[in-house]
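Presented below is the structure to which this report refers.
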Amino acid sequence: MVTEKILVVGACGQIGVELTLQLRKMYGGANVIASDLREEHPMLKDTGPYIPMDIMNKETFHVLVLRYNITQVYLLAAILSATGEKNPPLAWSLNMQSLLNVLEVAKEEKLHKIYWPSSIAVFGPNSPKQLTSQHTIMEPTTVYGVSKLAGERWCEYYFNRYGVDVRSLRYPGLISYKSAPGGGTTDYAIEIYQEALQEGKYECFLKEDTYLPMMYMPDAIRATIELMEADASSISVRSSYNLSAMSFSPKEIGAAIQKHLPSFSMTYAPDFRQKIADSWPSSIDDSAARQDWGWKPGYDLDRMTVDMLKNMKVTAS
């Protein structure tokens, strides 16, 4: 039996930190190599090897794969929605070329599995807003969404043409207390907890009734690993699976926080991110993930709020 050697690219990002730590628990610290352009995240220190790397340099990446006998790659490097709109050519270049570099090396070296995250940003204003289905109209209006939609097509192409076992999830907005948000339109749902504890108030950059699909990070990490651990024969979607846990508005998350911090108050000052949010679904139909590999979320808004506030208080102290 071959020992899996896993490389996490973008390991210091919002998803990467927690995913790397969980993979190291499962496979052993020495068998999960963390990599990023940035300095090693404090939470990753002394838990396993860390190698600075620019995934845009295909040769450097290829050498690393060969040197460490890598069998699986989790590619998490990306420029997210709000940040991407500030420099669309850079977002397209990074999001596309990094994926193509990994897919090409995976094909050449016959790597066991590749994980690449997509997003609800692949949908657009003409997609159904409620319970958006796995297969539907997809006309994204942000460069992030365009790059993710193109990436899904590349993933499916490399699977069908070359047999590369690449797997993907369309993440909703992700909420975590462990690592900083990365420039996404749904980041308000992290900032609101921070400001509630520190300032007792929050000015939201979305309208109060803007519903978006959301997920607590422990669910996202578990979904990622469950998908990657599933038998290949059960994976019917080779573009990217819809994934869902809950949908709520800024007003509703504010009310959930007020149950624990009654003096907390919110105001609203929508900015350019409102237009992005308006182009996305309000809720997601993830029945394919539930049927194929048994996906089931563990957190709703109230349970997540209790856990977020508890852990952020501990972190602050």
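Identifiers in this document derive from the order of the structure tokens: chains are assigned A, B, ..., residues are numbered from 1 separately in each chain, and ligands are numbered from 1 in order of occurrence.
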
**Report entry** strand (DSSP E) residues, from DSSP on the backbone, in range 128-214 of chain A, as a VMD selection string
**Finding:** chain A and resid 166 to 167 169 to 171 173 to 175 201 to 204 212 to 214

Store the residues of this selection in a file with N, CA and C atoms, as a PDB file, in the first residue's frame.
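To be explicit, this is the file written out as part.pdb:
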```
ATOM      1  N   VAL A 166      -9.604  14.452 -10.507  1.00  0.00           N
ATOM      2  CA  VAL A 166      -9.719  15.776  -9.890  1.00  0.00           C
ATOM      3  C   VAL A 166     -11.129  15.944  -9.348  1.00  0.00           C
ATOM      4  N   ARG A 167     -11.214  16.478  -8.134  1.00  0.00           N
ATOM      5  CA  ARG A 167     -12.497  16.611  -7.436  1.00  0.00           C
ATOM      6  C   ARG A 167     -12.660  18.049  -6.954  1.00  0.00           C
ATOM      7  N   LEU A 169     -15.533  21.196  -5.081  1.00  0.00           N
ATOM      8  CA  LEU A 169     -16.752  21.635  -4.415  1.00  0.00           C
ATOM      9  C   LEU A 169     -16.989  23.104  -4.719  1.00  0.00           C
ATOM     10  N   ARG A 170     -18.248  23.465  -4.936  1.00  0.00           N
ATOM     11  CA  ARG A 170     -18.615  24.875  -5.060  1.00  0.00           C
ATOM     12  C   ARG A 170     -18.915  25.409  -3.662  1.00  0.00           C
ATOM     13  N   TYR A 171     -17.907  26.014  -3.049  1.00  0.00           N
ATOM     14  CA  TYR A 171     -18.099  26.513  -1.687  1.00  0.00           C
ATOM     15  C   TYR A 171     -19.074  27.687  -1.660  1.00  0.00           C
ATOM     16  N   GLY A 173     -20.303  30.939   1.013  1.00  0.00           N
ATOM     17  CA  GLY A 173     -19.489  31.795   1.874  1.00  0.00           C
ATOM     18  C   GLY A 173     -19.007  31.011   3.085  1.00  0.00           C
ATOM     19  N   LEU A 174     -17.734  31.121   3.425  1.00  0.00           N
ATOM     20  CA  LEU A 174     -17.156  30.341   4.518  1.00  0.00           C
ATOM     21  C   LEU A 174     -16.836  31.235   5.712  1.00  0.00           C
ATOM     22  N   ILE A 175     -17.160  30.725   6.888  1.00  0.00           N
ATOM     23  CA  ILE A 175     -17.028  31.498   8.132  1.00  0.00           C
ATOM     24  C   ILE A 175     -16.115  30.749   9.087  1.00  0.00           C
ATOM     25  N   LYS A 201     -20.746  46.955  17.714  1.00  0.00           N
ATOM     26  CA  LYS A 201     -21.531  47.438  16.568  1.00  0.00           C
ATOM     27  C   LYS A 201     -20.822  47.037  15.277  1.00  0.00           C
ATOM     28  N   TYR A 202     -21.577  47.082  14.168  1.00  0.00           N
ATOM     29  CA  TYR A 202     -20.984  46.713  12.871  1.00  0.00           C
ATOM     30  C   TYR A 202     -21.708  47.432  11.750  1.00  0.00           C
ATOM     31  N   GLU A 203     -20.933  47.983  10.821  1.00  0.00           N
ATOM     32  CA  GLU A 203     -21.486  48.579   9.609  1.00  0.00           C
ATOM     33  C   GLU A 203     -21.284  47.592   8.473  1.00  0.00           C
ATOM     34  N   CYS A 204     -22.382  47.067   7.943  1.00  0.00           N
ATOM     35  CA  CYS A 204     -22.331  46.001   6.946  1.00  0.00           C
ATOM     36  C   CYS A 204     -22.267  46.575   5.538  1.00  0.00           C
ATOM     37  N   LEU A 212     -27.560  34.924   1.292  1.00  0.00           N
ATOM     38  CA  LEU A 212     -26.490  34.210   0.598  1.00  0.00           C
ATOM     39  C   LEU A 212     -26.268  32.848   1.255  1.00  0.00           C
ATOM     40  N   PRO A 213     -25.871  31.852   0.475  1.00  0.00           N
ATOM     41  CA  PRO A 213     -25.526  30.546   1.051  1.00  0.00           C
ATOM     42  C   PRO A 213     -24.237  30.667   1.865  1.00  0.00           C
ATOM     43  N   MET A 214     -24.237  30.082   3.048  1.00  0.00           N
ATOM     44  CA  MET A 214     -23.088  30.169   3.954  1.00  0.00           C
ATOM     45  C   MET A 214     -22.782  28.798   4.556  1.00  0.00           C
TER      46      MET A 214
END
```

Requested in this report: Give me every helix (DSSP H, G or I) residue in range 70-130 of chain A, going by DSSP on the backbone, as a PyMOL selection string.
Outcome: chain A and resi 81-84+88-109+120-122

Once you have the residues from the selection above, write them out as a tab-separated table (two decimals), in the first residue's frame, restricted to N, CA, C and O atoms.
```tsv
chain	number	residue	atom	x	y	z
A	81	SER	N	-13.38	36.99	-4.90
A	81	SER	CA	-14.30	37.81	-5.69
A	81	SER	C	-14.06	39.31	-5.58
A	81	SER	O	-13.85	39.99	-6.59
A	82	ALA	N	-14.11	39.85	-4.37
A	82	ALA	CA	-13.99	41.30	-4.20
A	82	ALA	C	-12.59	41.78	-4.58
A	82	ALA	O	-12.42	42.81	-5.25
A	83	THR	N	-11.57	41.05	-4.17
A	83	THR	CA	-10.19	41.41	-4.51
A	83	THR	C	-9.97	41.30	-6.01
A	83	THR	O	-9.28	42.13	-6.62
A	84	GLY	N	-10.54	40.28	-6.63
A	84	GLY	CA	-10.36	40.06	-8.05
A	84	GLY	C	-10.89	41.20	-8.91
A	84	GLY	O	-10.33	41.49	-9.97
A	88	PRO	N	-8.68	42.48	-12.46
A	88	PRO	CA	-9.18	41.30	-13.15
A	88	PRO	C	-8.13	40.49	-13.92
A	88	PRO	O	-8.14	39.26	-13.84
A	89	PRO	N	-7.20	41.13	-14.66
A	89	PRO	CA	-6.21	40.31	-15.38
A	89	PRO	C	-5.35	39.45	-14.45
A	89	PRO	O	-5.04	38.31	-14.77
A	90	LEU	N	-4.98	40.02	-13.30
A	90	LEU	CA	-4.18	39.25	-12.35
A	90	LEU	C	-4.98	38.09	-11.78
A	90	LEU	O	-4.47	36.97	-11.64
A	91	ALA	N	-6.25	38.34	-11.44
A	91	ALA	CA	-7.10	37.28	-10.89
A	91	ALA	C	-7.26	36.14	-11.89
A	91	ALA	O	-7.15	34.97	-11.54
A	92	TRP	N	-7.52	36.49	-13.16
A	92	TRP	CA	-7.67	35.47	-14.20
A	92	TRP	C	-6.38	34.68	-14.34
A	92	TRP	O	-6.38	33.44	-14.39
A	93	SER	N	-5.26	35.37	-14.41
A	93	SER	CA	-3.97	34.72	-14.62
A	93	SER	C	-3.64	33.75	-13.49
A	93	SER	O	-3.29	32.59	-13.74
A	94	LEU	N	-3.76	34.21	-12.25
A	94	LEU	CA	-3.43	33.34	-11.11
A	94	LEU	C	-4.40	32.17	-11.01
A	94	LEU	O	-3.98	31.01	-10.89
A	95	ASN	N	-5.69	32.46	-11.08
A	95	ASN	CA	-6.68	31.41	-10.88
A	95	ASN	C	-6.64	30.34	-11.98
A	95	ASN	O	-6.86	29.16	-11.71
A	96	MET	N	-6.34	30.73	-13.21
A	96	MET	CA	-6.30	29.78	-14.31
A	96	MET	C	-4.97	29.05	-14.42
A	96	MET	O	-4.92	27.82	-14.51
A	97	GLN	N	-3.86	29.82	-14.42
A	97	GLN	CA	-2.57	29.20	-14.68
A	97	GLN	C	-2.17	28.25	-13.56
A	97	GLN	O	-1.56	27.21	-13.81
A	98	SER	N	-2.51	28.59	-12.32
A	98	SER	CA	-2.18	27.70	-11.21
A	98	SER	C	-2.87	26.35	-11.39
A	98	SER	O	-2.26	25.29	-11.19
A	99	LEU	N	-4.13	26.37	-11.81
A	99	LEU	CA	-4.87	25.12	-12.02
A	99	LEU	C	-4.28	24.33	-13.19
A	99	LEU	O	-4.08	23.11	-13.08
A	100	LEU	N	-3.99	24.99	-14.28
A	100	LEU	CA	-3.42	24.30	-15.43
A	100	LEU	C	-2.06	23.69	-15.10
A	100	LEU	O	-1.74	22.58	-15.55
A	101	ASN	N	-1.27	24.40	-14.32
A	101	ASN	CA	0.03	23.84	-13.91
A	101	ASN	C	-0.15	22.54	-13.13
A	101	ASN	O	0.55	21.55	-13.36
A	102	VAL	N	-1.11	22.54	-12.20
A	102	VAL	CA	-1.34	21.35	-11.38
A	102	VAL	C	-1.92	20.21	-12.23
A	102	VAL	O	-1.49	19.05	-12.11
A	103	LEU	N	-2.87	20.52	-13.09
A	103	LEU	CA	-3.47	19.48	-13.92
A	103	LEU	C	-2.44	18.85	-14.86
A	103	LEU	O	-2.45	17.63	-15.06
A	104	GLU	N	-1.56	19.65	-15.43
A	104	GLU	CA	-0.55	19.12	-16.33
A	104	GLU	C	0.42	18.19	-15.61
A	104	GLU	O	0.75	17.11	-16.09
A	105	VAL	N	0.88	18.61	-14.43
A	105	VAL	CA	1.82	17.77	-13.66
A	105	VAL	C	1.10	16.52	-13.17
A	105	VAL	O	1.67	15.42	-13.18
A	106	ALA	N	-0.16	16.65	-12.79
A	106	ALA	CA	-0.94	15.48	-12.36
A	106	ALA	C	-1.06	14.47	-13.49
A	106	ALA	O	-0.95	13.26	-13.28
A	107	LYS	N	-1.27	14.96	-14.70
A	107	LYS	CA	-1.35	14.09	-15.89
A	107	LYS	C	0.00	13.40	-16.15
A	107	LYS	O	0.06	12.18	-16.35
A	108	GLU	N	1.06	14.19	-16.12
A	108	GLU	CA	2.39	13.66	-16.45
A	108	GLU	C	2.88	12.65	-15.41
A	108	GLU	O	3.50	11.64	-15.74
A	109	GLU	N	2.63	12.93	-14.14
A	109	GLU	CA	3.16	12.09	-13.06
A	109	GLU	C	2.13	11.10	-12.52
A	109	GLU	O	2.41	10.39	-11.54
A	120	ILE	N	-19.82	29.35	-5.40
A	120	ILE	CA	-21.12	29.78	-5.87
A	120	ILE	C	-21.00	30.97	-6.84
A	120	ILE	O	-21.96	31.32	-7.51
A	121	ALA	N	-19.81	31.55	-6.95
A	121	ALA	CA	-19.59	32.65	-7.88
A	121	ALA	C	-19.72	32.22	-9.34
A	121	ALA	O	-19.79	33.07	-10.23
A	122	VAL	N	-19.75	30.90	-9.61
A	122	VAL	CA	-19.95	30.44	-10.99
A	122	VAL	C	-21.35	30.75	-11.50
A	122	VAL	O	-21.60	30.78	-12.70
```

Query raised in the report: Which one is closest to Gln14 in chain A: A:Thr71, A:Ser176, A:Thr305, A:Gln134? Count only C-alpha atoms.
Result: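 Looking only at the distances to Gln14 in chain A, the closest residue turns out to be A:Ser176.
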
Requested in this report: Give the answer as one residue: which of A:Thr136, A:Thr20, A:Ser168, A:Ser147 has the shortest atom-to-atom distance to Asp36 in chain A, using only C-alpha atoms?
Outcome: A:Thr20

**Report entry** All residues 10 Å or closer to range 256-265 of chain A, only C-alpha atoms, same chain fewer than 5 positions away omitted, as a VMD selection string
**Finding:** chain A and resid 192 to 193 195 to 197 199 to 203 250 to 251 301 to 306 308 to 309

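The space separating CA of Val146 in chain A from CA of Gly124 in chain A comes to 9.8 Å.
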
Would you mind listing, for every residue of range 89-170 of chain A within 12 Å of range 235-240 of chain A, the two atoms forming the shortest contact and the distance between them in Å to one decimal, using only C-alpha atoms, sorted by chain and ascending residue number, as a Markdown table?
```
| residue | atom | partner | partner_atom | distance |
| --- | --- | --- | --- | --- |
| A:Ile114 | CA | A:Arg238 | CA | 11.4 |
| A:Tyr115 | CA | A:Ser240 | CA | 10.2 |
| A:Trp116 | CA | A:Ser240 | CA | 8.8 |
| A:Pro117 | CA | A:Ser240 | CA | 7.9 |
| A:Ser118 | CA | A:Ser240 | CA | 6.5 |
| A:Ser119 | CA | A:Ser240 | CA | 8.6 |
| A:Ile120 | CA | A:Ser240 | CA | 10.2 |
| A:Val122 | CA | A:Ser240 | CA | 10.1 |
| A:Gln134 | CA | A:Ser240 | CA | 8.6 |
| A:His135 | CA | A:Val237 | CA | 10.1 |
| A:Lys148 | CA | A:Ser240 | CA | 9.6 |
| A:Leu149 | CA | A:Ser239 | CA | 8.8 |
| A:Ala150 | CA | A:Ser239 | CA | 9.7 |
| A:Gly151 | CA | A:Ser239 | CA | 8.3 |
| A:Glu152 | CA | A:Ser239 | CA | 4.6 |
| A:Arg153 | CA | A:Ser239 | CA | 6.1 |
| A:Trp154 | CA | A:Ser239 | CA | 8.0 |
| A:Cys155 | CA | A:Ser239 | CA | 5.9 |
| A:Glu156 | CA | A:Ser239 | CA | 4.9 |
| A:Tyr157 | CA | A:Ser239 | CA | 8.6 |
| A:Tyr158 | CA | A:Arg238 | CA | 9.4 |
| A:Phe159 | CA | A:Arg238 | CA | 7.1 |
| A:Asn160 | CA | A:Arg238 | CA | 8.6 |
| A:Arg161 | CA | A:Arg238 | CA | 11.9 |
| A:Gly163 | CA | A:Arg238 | CA | 10.8 |
| A:Val164 | CA | A:Arg238 | CA | 10.1 |
| A:Asp165 | CA | A:Arg238 | CA | 8.5 |
| A:Val166 | CA | A:Arg238 | CA | 7.1 |
| A:Arg167 | CA | A:Arg238 | CA | 6.3 |
| A:Ser168 | CA | A:Ser240 | CA | 4.5 |
| A:Leu169 | CA | A:Ser240 | CA | 5.0 |
| A:Arg170 | CA | A:Ser240 | CA | 5.9 |
```

Query raised in the report: Quick one, how far is CA of Asn242 in chain A from CA of Ser287 in chain A?
Result: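 Computing the Euclidean distance for CA of Asn242 in chain A and CA of Ser287 in chain A yields 8.0 Å.
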